[in-house]
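Peer 1: This is the structure, below, for whatever I ask next.
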Amino acid sequence: MKCPACGFPDSRVLDSRPVQDGGSIKRRRECPKCNKRFTTYEVIDTVPISVIKRNGSREFFDKHKLTLGIERACQKRPVNAEEVATEIETELQNSIVSEITSKDIGEMVLTKLREIDIVSYIRFASVYREFRDIDSFMEEIKSLGKRRKRREPAKGTQTPDPADGAPAEEDARAIARDTEEKL
C-alpha cells in the first residue's frame, strides 16, 4: 500500500481487525521510509446488480428502497424488514446474475413474507400484484388457505402457535373482511 505522506510504494501492517458486521477489515499500517502511520479499510468488491423495472428502465439494486417497501407492508407486524432485505441482497450477491427483474425481486419478497407473517404477505401482495378488484384479492387469500392446509402437520403432532410469530389464517380472514367492508 502506497504511503499517503511520502508516496513510498510499500508499507507494513501493524494491526488488522474486522469492522462492524465483519464486512470489512481495518488495517493499521506504517511506512518504513517516513514512519508515518495510517489506516486502510479492505472491503469485498461486489458487482452491481441492475434491476429491470416493469417499464423497461434499469437502475442499480437499492437495498434501502427494498427495505422501505417491505417496512410499509410489515408496519405493526412482527417482521424485521431490514433482515428480509439483507437476506434478499445476499441471495442476489451470491447468485451469478448481473441483472434481475423487479418482478423476480417481488416474488423473492413474497416467498420470505409467506414464511414469516401471512398478514405482511397479503399487504405486500396487494400492492405488488396490483389486485384490480375484491375477487382477485379473495382468490389470493383462498390460495393461501389451500397451501396452508396442505402444510398442516399430521394428527398427533404439534401445530404452530400464532403467539410464536407463526402466520395466523385468522389474520388473513380479518383483512379480507375489512377489505370487503370498505368496498
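Labels for the C-alpha cells follow display order: chains A, B, ..., residues from 1 in each chain, ligands from 1.
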Identify, with DSSP run on backbone atoms, the residues in range 2-98 of chain A assigned to helix (DSSP H, G or I), and express the list as JSON, numbers by chain.
Peer 2: {"A": [63, 64, 65, 66, 67, 68, 69, 70, 71, 72, 73, 81, 82, 83, 84, 85, 86, 87, 88, 89, 90, 91, 92, 93, 94]}
Peer 1: What lies within 6 Å of range 119-122 of chain A using only C-alpha atoms, ignoring chain neighbours under 4 positions off, as a list in words?
Peer 2: Ala73, Cys74, Leu110, Leu113, Arg114, Ser126 and Ala172 of chain A
Peer 1: Go ahead and save the picked residues with C-alpha atoms, as a short mmCIF file (atom, residue, chain, number, x, y, z; two decimals), in the first residue's frame.
Peer 2:
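And here is the file that came out, result.cif:
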```cif
data_model
loop_
_atom_site.label_atom_id
_atom_site.label_comp_id
_atom_site.auth_asym_id
_atom_site.auth_seq_id
_atom_site.Cartn_x
_atom_site.Cartn_y
_atom_site.Cartn_z
CA ALA A 73 -46.18 -3.96 4.28
CA CYS A 74 -44.94 -5.04 7.70
CA LEU A 110 -43.38 -12.65 -1.19
CA LEU A 113 -43.01 -12.95 3.89
CA ARG A 114 -45.22 -16.00 3.32
CA SER A 126 -51.99 -6.40 -2.55
CA ALA A 172 -55.83 -13.12 6.59
#
```
Peer 1: What lies within 12 Å of Ser11 in chain A using only C-alpha atoms, ignoring chain neighbours under 6 positions off, as a count of residues only?
Peer 2: 19
Peer 1: Which residues are near Leu68 in chain A? Cut-off 12 Å, only C-alpha atoms, ignore same chain within fewer than 6 positions. Put them as a ChimeraX atom specification.
Peer 2: /A:62,74-75,80-85,124
Peer 1: Could you save those same residues with N, CA, C and O atoms as a PDB file, in the first residue's frame?
Peer 2:
```pdb
ATOM      1  N   ASP A  62     -31.118  -1.331  -4.972  1.00  0.00           N
ATOM      2  CA  ASP A  62     -31.016  -0.445  -3.815  1.00  0.00           C
ATOM      3  C   ASP A  62     -31.678  -1.134  -2.611  1.00  0.00           C
ATOM      4  O   ASP A  62     -32.901  -1.207  -2.535  1.00  0.00           O
ATOM      5  N   CYS A  74     -45.097  -4.385   6.403  1.00  0.00           N
ATOM      6  CA  CYS A  74     -44.941  -5.037   7.700  1.00  0.00           C
ATOM      7  C   CYS A  74     -45.192  -4.105   8.873  1.00  0.00           C
ATOM      8  O   CYS A  74     -44.852  -4.438  10.008  1.00  0.00           O
ATOM      9  N   GLN A  75     -45.755  -2.952   8.600  1.00  0.00           N
ATOM     10  CA  GLN A  75     -45.996  -1.979   9.655  1.00  0.00           C
ATOM     11  C   GLN A  75     -46.841  -2.602  10.763  1.00  0.00           C
ATOM     12  O   GLN A  75     -47.878  -3.221  10.505  1.00  0.00           O
ATOM     13  N   ASN A  80     -38.915  -8.219  10.716  1.00  0.00           N
ATOM     14  CA  ASN A  80     -37.754  -7.342  10.626  1.00  0.00           C
ATOM     15  C   ASN A  80     -37.466  -7.103   9.146  1.00  0.00           C
ATOM     16  O   ASN A  80     -36.844  -7.944   8.480  1.00  0.00           O
ATOM     17  N   ALA A  81     -37.929  -5.978   8.617  1.00  0.00           N
ATOM     18  CA  ALA A  81     -37.796  -5.671   7.192  1.00  0.00           C
ATOM     19  C   ALA A  81     -36.337  -5.591   6.766  1.00  0.00           C
ATOM     20  O   ALA A  81     -35.981  -6.038   5.668  1.00  0.00           O
ATOM     21  N   GLU A  82     -35.503  -5.057   7.621  1.00  0.00           N
ATOM     22  CA  GLU A  82     -34.066  -4.942   7.314  1.00  0.00           C
ATOM     23  C   GLU A  82     -33.453  -6.328   7.116  1.00  0.00           C
ATOM     24  O   GLU A  82     -32.670  -6.544   6.194  1.00  0.00           O
ATOM     25  N   GLU A  83     -33.840  -7.259   7.963  1.00  0.00           N
ATOM     26  CA  GLU A  83     -33.315  -8.620   7.872  1.00  0.00           C
ATOM     27  C   GLU A  83     -33.767  -9.304   6.581  1.00  0.00           C
ATOM     28  O   GLU A  83     -32.975  -9.972   5.917  1.00  0.00           O
ATOM     29  N   VAL A  84     -35.038  -9.128   6.215  1.00  0.00           N
ATOM     30  CA  VAL A  84     -35.559  -9.712   4.977  1.00  0.00           C
ATOM     31  C   VAL A  84     -34.819  -9.127   3.770  1.00  0.00           C
ATOM     32  O   VAL A  84     -34.388  -9.861   2.875  1.00  0.00           O
ATOM     33  N   ALA A  85     -34.641  -7.810   3.753  1.00  0.00           N
ATOM     34  CA  ALA A  85     -33.943  -7.153   2.649  1.00  0.00           C
ATOM     35  C   ALA A  85     -32.484  -7.609   2.576  1.00  0.00           C
ATOM     36  O   ALA A  85     -31.951  -7.829   1.478  1.00  0.00           O
ATOM     37  N   PHE A 124     -48.210  -6.920   1.235  1.00  0.00           N
ATOM     38  CA  PHE A 124     -47.232  -6.721   0.160  1.00  0.00           C
ATOM     39  C   PHE A 124     -47.819  -7.178  -1.173  1.00  0.00           C
ATOM     40  O   PHE A 124     -47.682  -6.490  -2.189  1.00  0.00           O
TER      41      PHE A 124
END
```
Peer 1: Do you have the CA of Lys142 in chain A-CA of Ile118 in chain A distance handy?
Peer 2: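 About the pair CA of Lys142 in chain A and CA of Ile118 in chain A: they are 12.4 Å apart.
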Peer 1: Nearest to Ser98 in chain A: which of A:Glu139, A:Asp10, A:Glu42, A:Glu59 is it, counting only C-alpha atoms?
Peer 2: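 Looking at the shortest contact to Ser98 in chain A, the residue is A:Glu59.
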Peer 1: What's the separation between CA of Lys103 in chain A and CA of Ile70 in chain A, in Å to one decimal place?
Peer 2: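 A separation of 14.5 Å between them.
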Peer 1: Record the distance separating CA of Glu140 in chain A and CA of Thr111 in chain A, expressed in Å with one decimal.
Peer 2: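 Taking CA of Glu140 in chain A and CA of Thr111 in chain A, their separation equals 13.7 Å.
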Peer 1: Compare A:Arg132, A:Arg77, A:Lys53, A:His64 by their minimum atom-to-atom distance to Ile105 in chain A, counting only C-alpha atoms, and give me the closest one.
Peer 2: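 Smallest separation from Ile105 in chain A among the options: A:Lys53.
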Peer 1: Quick one: pick out all strand (DSSP E or B) residues within range 49-128 of chain A from a backbone DSSP run and write them as a list in words.
Peer 2: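 Here is the list: Ser50, Val51, Ile52, Arg58, Glu59, Phe60, Glu99, Ile100 and Thr101 of chain A.
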